[in-house]
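Colleague: Pasting a structure here, questions to come.
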Protein chains: 2
Amino acid sequence: MNTEPTNYRSLCPLSTALDLIGDKWSLILVRDMCMHKSKYGDFQNSQEAIPTNILANRLRKLESNGIIKKRPYQEKPIRYEYFLTLKGAELLPVIQQLARWAHQHIPESMPPPDWFLNAKPEDLIKS
Amino acid sequence: MNTEPTNYRSLCPLSTALDLIGDKWSLILVRDMCMHKSKYGDFQNSQEAIPTNILANRLRKLESNGIIKKRPYQEKPIRYEYFLTLKGAELLPVIQQLARWAHQHIPESMPPPDWFLNAKPEDLIKS
DNA sequence: AATGTTACTTGCTTATTGCAAGTAACTTAA
DNA sequence: TTAAGTTACTTGCAATAAGCAAGTAACATT
C-alpha cells in the first residue's frame, strides 16, 4: 500500500505537510515514538485510545510515507517494532511548538515535560 | 455554535492542540490569514480549493475556539472580515516548522518564502 | 486443555468531507 | 430596467473516513 498523495492539493509546503500528517492521529503516534514507545500494544495503550483499525492503517501510511520504519523483533509469530526515520524525527520541532501553543492557550492542557521541550531530533533516531 | 471539545481525548498538550486544529483545513486558513487574506472569497480563491461548506464550518469553529475573530466591514448586506487573535497568531511558529519540515522532506513542495519564515506572531495582529 | 497475550482484520454504523446546486442581498453593464 | 454578475453563504446528497465490536492467527502460560 503506497499512500503518498499522487497529487497534493497544492505545492505549498504547509499544504503538502498537512496532506501527509494533517489528521487527528498521525502526530499522536509520532509523539509516542518520541517517547520510545515502539510496539503495537504500546500505541494502543496511550490515553487517547486509538481504535485498532485506525492504528494499523496509520502505521501503514506513516511507513509508506517514510516517516516511520518497522523492524521485526521476533520471528514466530512475526512481530514488528516501529520507530522514527530521520524524516519522522524531524517532526519533533513541529510537535514541540504545538505542545507549547496548547499549554499557553488551552487552559485544560497540561504543561509539556521539560525533557520533551529540550529534546532534539537526533536524540530520537537509532536509540 | 460552540465547538470547543467538552472533553478532550486527553490533557496531553499535543492531543488538545490536535483536537482544535488537527485537520486538513484549519491551518490552511490560519496561513491565509497570516498572508492578510481576510474575506470569504479570499479563502475560497486559495490554490487548495476548499469546499464552501467546509470553509463556512471552519470559520465558525475557529471563531468559536478563539483562534480568529470576525468584524463587519459593511452593513448592507452584512459582511465580515476574519482575522487572527493572539491565540491564532501564535500558531505561526507551528506552521513555520511544518513548512520547514515539508521543504526539507517532501521533494514536491516549494520552499517557504523568507518573509514567512522570518515573520513573528506580533506582526500578524491588529494589522 | 483452557486461558491469555499480541497484533492484527473484518463487518457494520456513524460522522465527516466534498461536490453541486440553490439562495439572499446587493452591484454593475446593456 | 432588466439581466447578469458578485459575495457569502446554506442545503442536499453521495463518497470517504472514523469508530466500535467482534473475530482470528499464532503463539505462551497456567
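Ordered as shown in the C-alpha cells, chains take letters A, B, and onward, while each chain numbers its residues from 1 and ligands are numbered from 1 in the order shown.
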Please produce, as CSV, a per-residue contact table for chain D versus chain A (criterion: any atom at most 10 Å away, only C-alpha atoms (C1' of nucleotides) considered), showing the nearest atom pair and its distance in Å to one decimal, sorted by chain then residue number.
Modeller:
residue,atom,partner,partner_atom,distance
D:DA17,C1',A:Ile54,CA,9.8
D:DA18,C1',A:Ile54,CA,7.7
D:DG19,C1',A:Pro51,CA,6.6
D:DC20,C1',A:Pro51,CA,8.1
D:DA25,C1',A:Pro77,CA,9.0
D:DA26,C1',A:Pro77,CA,5.7
D:DC27,C1',A:Pro77,CA,6.5
Colleague: Tell me the residues of chain A close to chain B, meaning within 9 Å using only C-alpha atoms, as JSON, numbers by chain.
Modeller: {"A": [8, 9, 10, 11, 12, 13, 14, 15, 16, 17, 18, 19, 21, 22, 23, 24, 25, 27, 28, 31, 47, 48, 49, 87, 90, 91, 93, 94, 95, 96, 97, 98, 99, 100, 101, 102, 103, 104, 105, 106, 108, 109, 110, 111, 112]}
Colleague: Please produce a file of the residues just selected, as a CSV table (one decimal), in the first residue's frame, where the atoms kept are C-alpha atoms.
Modeller:
chain,number,residue,atom,x,y,z
A,8,TYR,CA,-1.0,17.2,-3.5
A,9,ARG,CA,-3.7,19.8,-3.1
A,10,SER,CA,-1.0,22.4,-3.9
A,11,LEU,CA,2.8,22.6,-3.7
A,12,CYS,CA,2.6,25.0,-0.7
A,13,PRO,CA,4.8,23.4,1.9
A,14,LEU,CA,2.2,23.7,4.6
A,15,SER,CA,-0.4,22.1,2.4
A,16,THR,CA,1.8,19.2,1.4
A,17,ALA,CA,2.8,18.6,5.1
A,18,LEU,CA,-0.9,18.5,6.0
A,19,ASP,CA,-1.6,16.1,3.2
A,21,ILE,CA,0.2,14.2,8.6
A,22,GLY,CA,-2.8,16.6,8.9
A,23,ASP,CA,-5.2,14.3,10.8
A,24,LYS,CA,-6.1,13.6,14.4
A,25,TRP,CA,-3.9,10.5,14.9
A,27,LEU,CA,1.2,13.1,15.2
A,28,ILE,CA,0.0,11.3,18.3
A,31,ARG,CA,4.7,11.6,19.8
A,47,GLN,CA,-4.5,7.7,26.8
A,48,GLU,CA,-6.2,8.8,23.6
A,49,ALA,CA,-7.3,5.2,22.9
A,87,LYS,CA,12.1,12.4,8.3
A,90,GLU,CA,12.4,16.0,12.4
A,91,LEU,CA,8.7,16.4,13.1
A,93,PRO,CA,10.1,20.7,16.4
A,94,VAL,CA,6.6,20.8,15.0
A,95,ILE,CA,5.0,18.9,17.9
A,96,GLN,CA,7.1,20.8,20.4
A,97,GLN,CA,5.6,24.0,19.0
A,98,LEU,CA,2.1,22.5,19.0
A,99,ALA,CA,2.6,21.5,22.7
A,100,ARG,CA,3.9,24.9,23.7
A,101,TRP,CA,1.0,26.6,21.9
A,102,ALA,CA,-1.6,24.3,23.6
A,103,HIS,CA,0.0,24.9,27.0
A,104,GLN,CA,-0.2,28.6,26.5
A,105,HIS,CA,-3.7,28.8,25.0
A,106,ILE,CA,-5.7,25.8,26.1
A,108,GLU,CA,-7.2,22.4,30.2
A,109,SER,CA,-4.0,21.2,28.7
A,110,MET,CA,-1.1,20.0,30.9
A,111,PRO,CA,2.4,21.5,30.6
A,112,PRO,CA,4.8,19.7,28.3
Colleague: Can you move chain A onto chain B by a least-squares fit over all C-alpha atoms paired in order, then give me the moved copy as a short mmCIF file (atom, residue, chain, number, x, y, z; two decimals) with N, CA and C atoms, in the first residue's frame?
Modeller:
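Full text of result.cif as output:
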data_model
loop_
_atom_site.label_atom_id
_atom_site.label_comp_id
_atom_site.auth_asym_id
_atom_site.auth_seq_id
_atom_site.Cartn_x
_atom_site.Cartn_y
_atom_site.Cartn_z
N MET A 1 -23.05 28.43 17.82
CA MET A 1 -22.37 27.13 17.77
C MET A 1 -21.05 27.17 18.54
N ASN A 2 -21.00 26.52 19.69
CA ASN A 2 -19.73 26.37 20.40
C ASN A 2 -19.16 24.99 20.07
N THR A 3 -17.95 25.02 19.53
CA THR A 3 -17.36 23.76 19.09
C THR A 3 -16.16 23.34 19.92
N GLU A 4 -15.89 24.08 21.01
CA GLU A 4 -14.81 23.62 21.89
C GLU A 4 -15.16 22.23 22.41
N PRO A 5 -14.20 21.31 22.31
CA PRO A 5 -14.49 19.97 22.82
C PRO A 5 -14.87 20.04 24.30
N THR A 6 -15.95 19.39 24.68
CA THR A 6 -16.29 19.35 26.11
C THR A 6 -15.35 18.40 26.83
N ASN A 7 -15.02 17.30 26.19
CA ASN A 7 -13.91 16.52 26.72
C ASN A 7 -12.90 16.21 25.63
N TYR A 8 -11.70 16.65 25.91
CA TYR A 8 -10.56 16.35 25.05
C TYR A 8 -10.24 14.86 25.17
N ARG A 9 -9.58 14.33 24.14
CA ARG A 9 -9.21 12.91 24.20
C ARG A 9 -8.31 12.64 25.39
N SER A 10 -7.41 13.60 25.67
CA SER A 10 -6.58 13.52 26.86
C SER A 10 -6.15 14.94 27.16
N LEU A 11 -5.44 15.16 28.25
CA LEU A 11 -4.97 16.51 28.56
C LEU A 11 -3.54 16.73 28.10
N CYS A 12 -2.98 15.78 27.37
CA CYS A 12 -1.68 15.98 26.71
C CYS A 12 -1.79 17.20 25.82
N PRO A 13 -0.83 18.12 25.93
CA PRO A 13 -0.94 19.35 25.15
C PRO A 13 -1.01 19.09 23.64
N LEU A 14 -0.23 18.15 23.16
CA LEU A 14 -0.30 17.86 21.73
C LEU A 14 -1.69 17.39 21.33
N SER A 15 -2.23 16.52 22.12
CA SER A 15 -3.55 15.97 21.83
C SER A 15 -4.65 17.03 21.86
N THR A 16 -4.58 17.94 22.85
CA THR A 16 -5.60 19.01 22.90
C THR A 16 -5.45 19.94 21.69
N ALA A 17 -4.20 20.22 21.31
CA ALA A 17 -3.99 21.07 20.14
C ALA A 17 -4.60 20.42 18.90
N LEU A 18 -4.35 19.13 18.74
CA LEU A 18 -4.90 18.43 17.57
C LEU A 18 -6.42 18.35 17.62
N ASP A 19 -6.99 18.30 18.82
CA ASP A 19 -8.45 18.33 18.93
C ASP A 19 -9.01 19.64 18.35
N LEU A 20 -8.24 20.71 18.44
CA LEU A 20 -8.72 22.00 17.92
C LEU A 20 -8.38 22.23 16.45
N ILE A 21 -7.13 21.92 16.07
CA ILE A 21 -6.71 22.29 14.71
C ILE A 21 -6.12 21.11 13.92
N GLY A 22 -6.37 19.90 14.39
CA GLY A 22 -5.78 18.72 13.74
C GLY A 22 -6.64 18.20 12.59
N ASP A 23 -6.79 19.00 11.57
CA ASP A 23 -7.52 18.56 10.38
C ASP A 23 -6.85 19.16 9.16
N LYS A 24 -7.38 18.83 8.00
CA LYS A 24 -6.71 19.22 6.75
C LYS A 24 -6.86 20.70 6.42
N TRP A 25 -7.82 21.40 7.01
CA TRP A 25 -8.13 22.75 6.53
C TRP A 25 -7.84 23.89 7.50
N SER A 26 -7.93 23.65 8.79
CA SER A 26 -7.82 24.76 9.75
C SER A 26 -6.53 25.55 9.59
N LEU A 27 -5.39 24.85 9.50
CA LEU A 27 -4.13 25.58 9.42
C LEU A 27 -3.93 26.25 8.06
N ILE A 28 -4.58 25.71 7.04
CA ILE A 28 -4.56 26.40 5.73
C ILE A 28 -5.21 27.78 5.87
N LEU A 29 -6.30 27.85 6.61
CA LEU A 29 -6.97 29.14 6.81
C LEU A 29 -6.11 30.06 7.68
N VAL A 30 -5.48 29.51 8.69
CA VAL A 30 -4.57 30.33 9.51
C VAL A 30 -3.45 30.88 8.63
N ARG A 31 -2.89 30.02 7.77
CA ARG A 31 -1.86 30.49 6.83
C ARG A 31 -2.38 31.65 5.98
N ASP A 32 -3.58 31.50 5.44
CA ASP A 32 -4.15 32.56 4.61
C ASP A 32 -4.27 33.87 5.39
N MET A 33 -4.69 33.77 6.64
CA MET A 33 -4.81 34.99 7.45
C MET A 33 -3.44 35.58 7.78
N CYS A 34 -2.42 34.72 7.91
CA CYS A 34 -1.05 35.23 8.06
C CYS A 34 -0.65 36.05 6.84
N MET A 35 -1.21 35.69 5.69
CA MET A 35 -0.90 36.41 4.45
C MET A 35 -1.87 37.58 4.24
N HIS A 36 -2.58 37.92 5.29
CA HIS A 36 -3.50 39.05 5.28
C HIS A 36 -4.68 38.86 4.34
N LYS A 37 -5.00 37.61 4.04
CA LYS A 37 -6.30 37.37 3.42
C LYS A 37 -7.33 37.49 4.53
N SER A 38 -8.48 38.09 4.19
CA SER A 38 -9.44 38.31 5.28
C SER A 38 -10.89 38.05 4.90
N LYS A 39 -11.17 37.96 3.59
CA LYS A 39 -12.58 37.79 3.24
C LYS A 39 -12.87 36.38 2.74
N TYR A 40 -14.13 36.02 2.88
CA TYR A 40 -14.59 34.70 2.47
C TYR A 40 -14.07 34.32 1.09
N GLY A 41 -14.21 35.23 0.16
CA GLY A 41 -13.77 34.96 -1.20
C GLY A 41 -12.27 34.77 -1.31
N ASP A 42 -11.49 35.48 -0.47
CA ASP A 42 -10.04 35.29 -0.47
C ASP A 42 -9.70 33.84 -0.14
N PHE A 43 -10.37 33.31 0.88
CA PHE A 43 -10.08 31.94 1.31
C PHE A 43 -10.50 30.94 0.23
N GLN A 44 -11.63 31.21 -0.40
CA GLN A 44 -12.09 30.33 -1.47
C GLN A 44 -11.12 30.30 -2.65
N ASN A 45 -10.45 31.42 -2.88
CA ASN A 45 -9.58 31.52 -4.05
C ASN A 45 -8.20 30.92 -3.84
N SER A 46 -7.89 30.44 -2.64
CA SER A 46 -6.59 29.81 -2.44
C SER A 46 -6.49 28.55 -3.29
N GLN A 47 -5.25 28.21 -3.64
CA GLN A 47 -4.99 27.09 -4.54
C GLN A 47 -5.62 25.77 -4.10
N GLU A 48 -5.73 25.57 -2.80
CA GLU A 48 -6.19 24.27 -2.31
C GLU A 48 -7.67 24.04 -2.54
N ALA A 49 -8.40 25.10 -2.91
CA ALA A 49 -9.81 24.97 -3.29
C ALA A 49 -10.68 24.33 -2.22
N ILE A 50 -10.78 24.97 -1.10
CA ILE A 50 -11.63 24.48 -0.02
C ILE A 50 -13.10 24.53 -0.44
N PRO A 51 -13.85 23.44 -0.22
CA PRO A 51 -15.29 23.48 -0.50
C PRO A 51 -15.96 24.55 0.37
N THR A 52 -16.95 25.22 -0.20
CA THR A 52 -17.53 26.38 0.49
C THR A 52 -18.24 26.03 1.79
N ASN A 53 -18.85 24.86 1.84
CA ASN A 53 -19.51 24.49 3.10
C ASN A 53 -18.49 24.19 4.20
N ILE A 54 -17.37 23.60 3.82
CA ILE A 54 -16.30 23.34 4.78
C ILE A 54 -15.71 24.66 5.26
N LEU A 55 -15.55 25.60 4.32
CA LEU A 55 -15.01 26.91 4.69
C LEU A 55 -15.90 27.60 5.73
N ALA A 56 -17.18 27.64 5.47
CA ALA A 56 -18.10 28.28 6.42
C ALA A 56 -18.03 27.59 7.78
N ASN A 57 -17.98 26.27 7.75
CA ASN A 57 -17.91 25.50 9.00
C ASN A 57 -16.63 25.75 9.77
N ARG A 58 -15.49 25.80 9.06
CA ARG A 58 -14.21 26.02 9.74
C ARG A 58 -14.09 27.43 10.31
N LEU A 59 -14.61 28.41 9.58
CA LEU A 59 -14.59 29.78 10.11
C LEU A 59 -15.38 29.82 11.42
N ARG A 60 -16.51 29.15 11.44
CA ARG A 60 -17.30 29.09 12.68
C ARG A 60 -16.52 28.41 13.80
N LYS A 61 -15.92 27.27 13.49
CA LYS A 61 -15.19 26.54 14.52
C LYS A 61 -14.01 27.34 15.05
N LEU A 62 -13.23 27.92 14.12
CA LEU A 62 -12.04 28.67 14.55
C LEU A 62 -12.45 29.86 15.39
N GLU A 63 -13.57 30.49 15.03
CA GLU A 63 -14.01 31.63 15.83
C GLU A 63 -14.48 31.15 17.21
N SER A 64 -15.23 30.08 17.20
CA SER A 64 -15.74 29.55 18.47
C SER A 64 -14.61 29.07 19.38
N ASN A 65 -13.47 28.69 18.79
CA ASN A 65 -12.33 28.28 19.60
C ASN A 65 -11.37 29.43 19.90
N GLY A 66 -11.74 30.64 19.52
CA GLY A 66 -10.93 31.81 19.88
C GLY A 66 -9.68 31.99 19.06
N ILE A 67 -9.58 31.31 17.92
CA ILE A 67 -8.38 31.40 17.09
C ILE A 67 -8.51 32.55 16.10
N ILE A 68 -9.72 32.83 15.67
CA ILE A 68 -9.97 33.99 14.81
C ILE A 68 -11.13 34.82 15.37
N LYS A 69 -11.24 36.04 14.87
CA LYS A 69 -12.38 36.91 15.18
C LYS A 69 -12.94 37.42 13.87
N LYS A 70 -14.20 37.79 13.86
CA LYS A 70 -14.73 38.44 12.68
C LYS A 70 -15.25 39.82 13.06
N ARG A 71 -15.22 40.72 12.06
CA ARG A 71 -15.65 42.10 12.29
C ARG A 71 -16.33 42.56 11.00
N PRO A 72 -17.49 43.20 11.11
CA PRO A 72 -18.20 43.61 9.90
C PRO A 72 -17.41 44.67 9.14
N TYR A 73 -17.34 44.53 7.83
CA TYR A 73 -16.70 45.58 7.02
C TYR A 73 -17.73 46.30 6.18
N GLN A 74 -18.97 45.83 6.20
CA GLN A 74 -20.07 46.58 5.56
C GLN A 74 -21.36 46.10 6.20
N GLU A 75 -22.39 46.95 6.06
CA GLU A 75 -23.63 46.65 6.77
C GLU A 75 -24.71 46.08 5.85
N LYS A 76 -24.80 46.60 4.59
CA LYS A 76 -25.87 46.13 3.73
C LYS A 76 -25.34 45.63 2.39
N PRO A 77 -25.30 44.26 2.26
CA PRO A 77 -25.64 43.27 3.27
C PRO A 77 -24.48 43.10 4.24
N ILE A 78 -24.77 42.59 5.41
CA ILE A 78 -23.72 42.43 6.41
C ILE A 78 -22.66 41.46 5.91
N ARG A 79 -21.43 41.92 5.94
CA ARG A 79 -20.30 41.11 5.49
C ARG A 79 -19.17 41.25 6.50
N TYR A 80 -18.45 40.15 6.73
CA TYR A 80 -17.41 40.16 7.74
C TYR A 80 -16.03 39.96 7.15
N GLU A 81 -15.04 40.54 7.83
CA GLU A 81 -13.66 40.12 7.56
C GLU A 81 -13.18 39.34 8.76
N TYR A 82 -12.29 38.40 8.49
CA TYR A 82 -11.81 37.48 9.51
C TYR A 82 -10.33 37.74 9.74
N PHE A 83 -9.94 37.72 11.01
CA PHE A 83 -8.51 37.92 11.30
C PHE A 83 -8.12 37.13 12.53
N LEU A 84 -6.81 36.94 12.70
CA LEU A 84 -6.29 36.12 13.79
C LEU A 84 -6.35 36.86 15.11
N THR A 85 -6.68 36.13 16.16
CA THR A 85 -6.50 36.63 17.52
C THR A 85 -5.04 36.37 17.91
N LEU A 86 -4.66 36.76 19.13
CA LEU A 86 -3.32 36.42 19.62
C LEU A 86 -3.14 34.90 19.62
N LYS A 87 -4.16 34.21 20.11
CA LYS A 87 -4.12 32.74 20.13
C LYS A 87 -3.87 32.18 18.73
N GLY A 88 -4.53 32.75 17.74
CA GLY A 88 -4.34 32.30 16.36
C GLY A 88 -2.98 32.69 15.81
N ALA A 89 -2.56 33.93 16.08
CA ALA A 89 -1.27 34.40 15.56
C ALA A 89 -0.12 33.56 16.11
N GLU A 90 -0.29 33.08 17.32
CA GLU A 90 0.79 32.29 17.92
C GLU A 90 0.85 30.86 17.38
N LEU A 91 -0.01 30.55 16.44
CA LEU A 91 0.18 29.31 15.68
C LEU A 91 1.24 29.47 14.60
N LEU A 92 1.69 30.71 14.37
CA LEU A 92 2.70 30.93 13.33
C LEU A 92 3.94 30.05 13.50
N PRO A 93 4.55 29.95 14.70
CA PRO A 93 5.71 29.06 14.82
C PRO A 93 5.40 27.62 14.44
N VAL A 94 4.19 27.18 14.70
CA VAL A 94 3.81 25.82 14.33
C VAL A 94 3.83 25.66 12.81
N ILE A 95 3.19 26.59 12.10
CA ILE A 95 3.13 26.41 10.65
C ILE A 95 4.47 26.73 9.99
N GLN A 96 5.28 27.56 10.61
CA GLN A 96 6.64 27.76 10.11
C GLN A 96 7.42 26.44 10.19
N GLN A 97 7.34 25.77 11.32
CA GLN A 97 8.05 24.49 11.46
C GLN A 97 7.51 23.45 10.48
N LEU A 98 6.20 23.43 10.30
CA LEU A 98 5.62 22.47 9.35
C LEU A 98 6.11 22.75 7.94
N ALA A 99 6.18 24.03 7.58
CA ALA A 99 6.61 24.40 6.24
C ALA A 99 8.09 24.04 6.04
N ARG A 100 8.90 24.33 7.06
CA ARG A 100 10.31 23.99 7.01
C ARG A 100 10.49 22.49 6.82
N TRP A 101 9.75 21.72 7.61
CA TRP A 101 9.83 20.26 7.54
C TRP A 101 9.46 19.76 6.15
N ALA A 102 8.37 20.30 5.62
CA ALA A 102 7.91 19.86 4.30
C ALA A 102 8.97 20.18 3.24
N HIS A 103 9.53 21.37 3.33
CA HIS A 103 10.53 21.75 2.34
C HIS A 103 11.74 20.82 2.39
N GLN A 104 12.11 20.40 3.61
CA GLN A 104 13.27 19.52 3.75
C GLN A 104 12.98 18.08 3.35
N HIS A 105 11.73 17.64 3.53
CA HIS A 105 11.47 16.20 3.40
C HIS A 105 10.46 15.80 2.34
N ILE A 106 9.77 16.74 1.76
CA ILE A 106 8.84 16.40 0.68
C ILE A 106 9.35 17.05 -0.59
N PRO A 107 9.92 16.24 -1.49
CA PRO A 107 10.59 16.80 -2.66
C PRO A 107 9.69 17.72 -3.49
N GLU A 108 8.40 17.37 -3.58
CA GLU A 108 7.49 18.15 -4.41
C GLU A 108 7.24 19.55 -3.88
N SER A 109 7.42 19.76 -2.58
CA SER A 109 6.95 21.03 -1.99
C SER A 109 7.89 22.19 -2.31
N MET A 110 7.32 23.34 -2.44
CA MET A 110 8.09 24.54 -2.75
C MET A 110 8.75 25.09 -1.49
N PRO A 111 9.79 25.89 -1.64
CA PRO A 111 10.41 26.49 -0.45
C PRO A 111 9.49 27.56 0.13
N PRO A 112 9.42 27.64 1.45
CA PRO A 112 8.64 28.71 2.08
C PRO A 112 9.35 30.04 1.82
N PRO A 113 8.60 31.12 1.54
CA PRO A 113 9.24 32.42 1.32
C PRO A 113 9.90 32.95 2.59
N ASP A 114 10.97 33.71 2.42
CA ASP A 114 11.72 34.22 3.56
C ASP A 114 10.87 35.10 4.49
N TRP A 115 10.03 35.93 3.90
CA TRP A 115 9.22 36.80 4.77
C TRP A 115 8.38 35.96 5.71
N PHE A 116 7.97 34.79 5.21
CA PHE A 116 7.14 33.93 6.04
C PHE A 116 7.95 33.29 7.16
N LEU A 117 9.14 32.80 6.82
CA LEU A 117 9.97 32.16 7.84
C LEU A 117 10.45 33.15 8.89
N ASN A 118 10.55 34.43 8.49
CA ASN A 118 11.04 35.44 9.43
C ASN A 118 9.94 36.17 10.17
N ALA A 119 8.70 35.91 9.81
CA ALA A 119 7.59 36.63 10.45
C ALA A 119 7.48 36.26 11.92
N LYS A 120 6.89 37.19 12.68
CA LYS A 120 6.66 36.96 14.10
C LYS A 120 5.17 37.09 14.37
N PRO A 121 4.67 36.35 15.36
CA PRO A 121 3.23 36.44 15.67
C PRO A 121 2.75 37.88 15.83
N GLU A 122 3.56 38.71 16.49
CA GLU A 122 3.09 40.09 16.75
C GLU A 122 2.96 40.91 15.47
N ASP A 123 3.63 40.47 14.38
CA ASP A 123 3.44 41.15 13.10
C ASP A 123 2.04 40.93 12.54
N LEU A 124 1.36 39.91 13.06
CA LEU A 124 0.11 39.48 12.42
C LEU A 124 -1.13 40.09 13.04
N ILE A 125 -0.99 40.62 14.24
CA ILE A 125 -2.21 41.09 14.91
C ILE A 125 -2.38 42.60 14.78
N LYS A 126 -3.66 42.97 14.71
CA LYS A 126 -4.05 44.38 14.60
C LYS A 126 -3.40 45.06 13.39
N SER A 127 -3.13 44.27 12.34
CA SER A 127 -2.55 44.86 11.13
C SER A 127 -3.65 45.54 10.33
#
Colleague: Distance cut-off 9 Å, counting only C-alpha atoms (C1' of nucleotides) - which residues of chain C neighbour chain B? Return them as JSON, numbers by chain.
Modeller: {"C": [17, 18, 19, 25, 26]}
Colleague: Taking the backbone alone, and naming residues the way the document does, which bits of chain A are strand (DSSP E or B) by DSSP, as a list in words?
Modeller: Ile68, Lys69, Lys70, Arg71, Pro72, Tyr73, Gln74, Arg79, Tyr80, Glu81, Tyr82, Phe83 and Leu84 of chain A
Colleague: If you run DSSP on this backbone, which residues of region 6-50 of chain B come out as helix (DSSP H, G or I), and could you give them as a list of chain:residue names?
Modeller: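 Helix (DSSP H, G or I) members of region 6-50 of chain B, listed: B:Pro13, B:Leu14, B:Ser15, B:Thr16, B:Ala17, B:Leu18, B:Asp19, B:Leu20, B:Ile21, B:Ser26, B:Leu27, B:Ile28, B:Leu29, B:Val30, B:Arg31, B:Asp32, B:Met33, B:Cys34, B:Tyr40, B:Gly41, B:Asp42, B:Phe43, B:Gln44.
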Colleague: Go ahead and save the residues from that selection, with C-alpha atoms, as an mmCIF file, in the first residue's frame.
Modeller:
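Dumped to result_5.cif:
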data_model
loop_
_atom_site.group_PDB
_atom_site.id
_atom_site.type_symbol
_atom_site.label_atom_id
_atom_site.label_comp_id
_atom_site.auth_asym_id
_atom_site.auth_seq_id
_atom_site.Cartn_x
_atom_site.Cartn_y
_atom_site.Cartn_z
ATOM 1 C CA PRO B 13 -0.955 19.346 25.138
ATOM 2 C CA LEU B 14 -0.295 17.837 21.713
ATOM 3 C CA SER B 15 -3.563 15.964 21.823
ATOM 4 C CA THR B 16 -5.605 19.003 22.892
ATOM 5 C CA ALA B 17 -3.996 21.062 20.142
ATOM 6 C CA LEU B 18 -4.921 18.434 17.564
ATOM 7 C CA ASP B 19 -8.465 18.342 18.916
ATOM 8 C CA LEU B 20 -8.729 22.014 17.926
ATOM 9 C CA ILE B 21 -6.725 22.308 14.709
ATOM 10 C CA SER B 26 -7.804 24.781 9.751
ATOM 11 C CA LEU B 27 -4.111 25.603 9.427
ATOM 12 C CA ILE B 28 -4.548 26.411 5.733
ATOM 13 C CA LEU B 29 -6.950 29.157 6.810
ATOM 14 C CA VAL B 30 -4.547 30.336 9.514
ATOM 15 C CA ARG B 31 -1.851 30.502 6.833
ATOM 16 C CA ASP B 32 -4.139 32.578 4.607
ATOM 17 C CA MET B 33 -4.804 35.000 7.457
ATOM 18 C CA CYS B 34 -1.044 35.247 8.053
ATOM 19 C CA TYR B 40 -14.594 34.681 2.488
ATOM 20 C CA GLY B 41 -13.763 34.952 -1.182
ATOM 21 C CA ASP B 42 -10.043 35.299 -0.461
ATOM 22 C CA PHE B 43 -10.074 31.938 1.301
ATOM 23 C CA GLN B 44 -12.083 30.335 -1.468
#
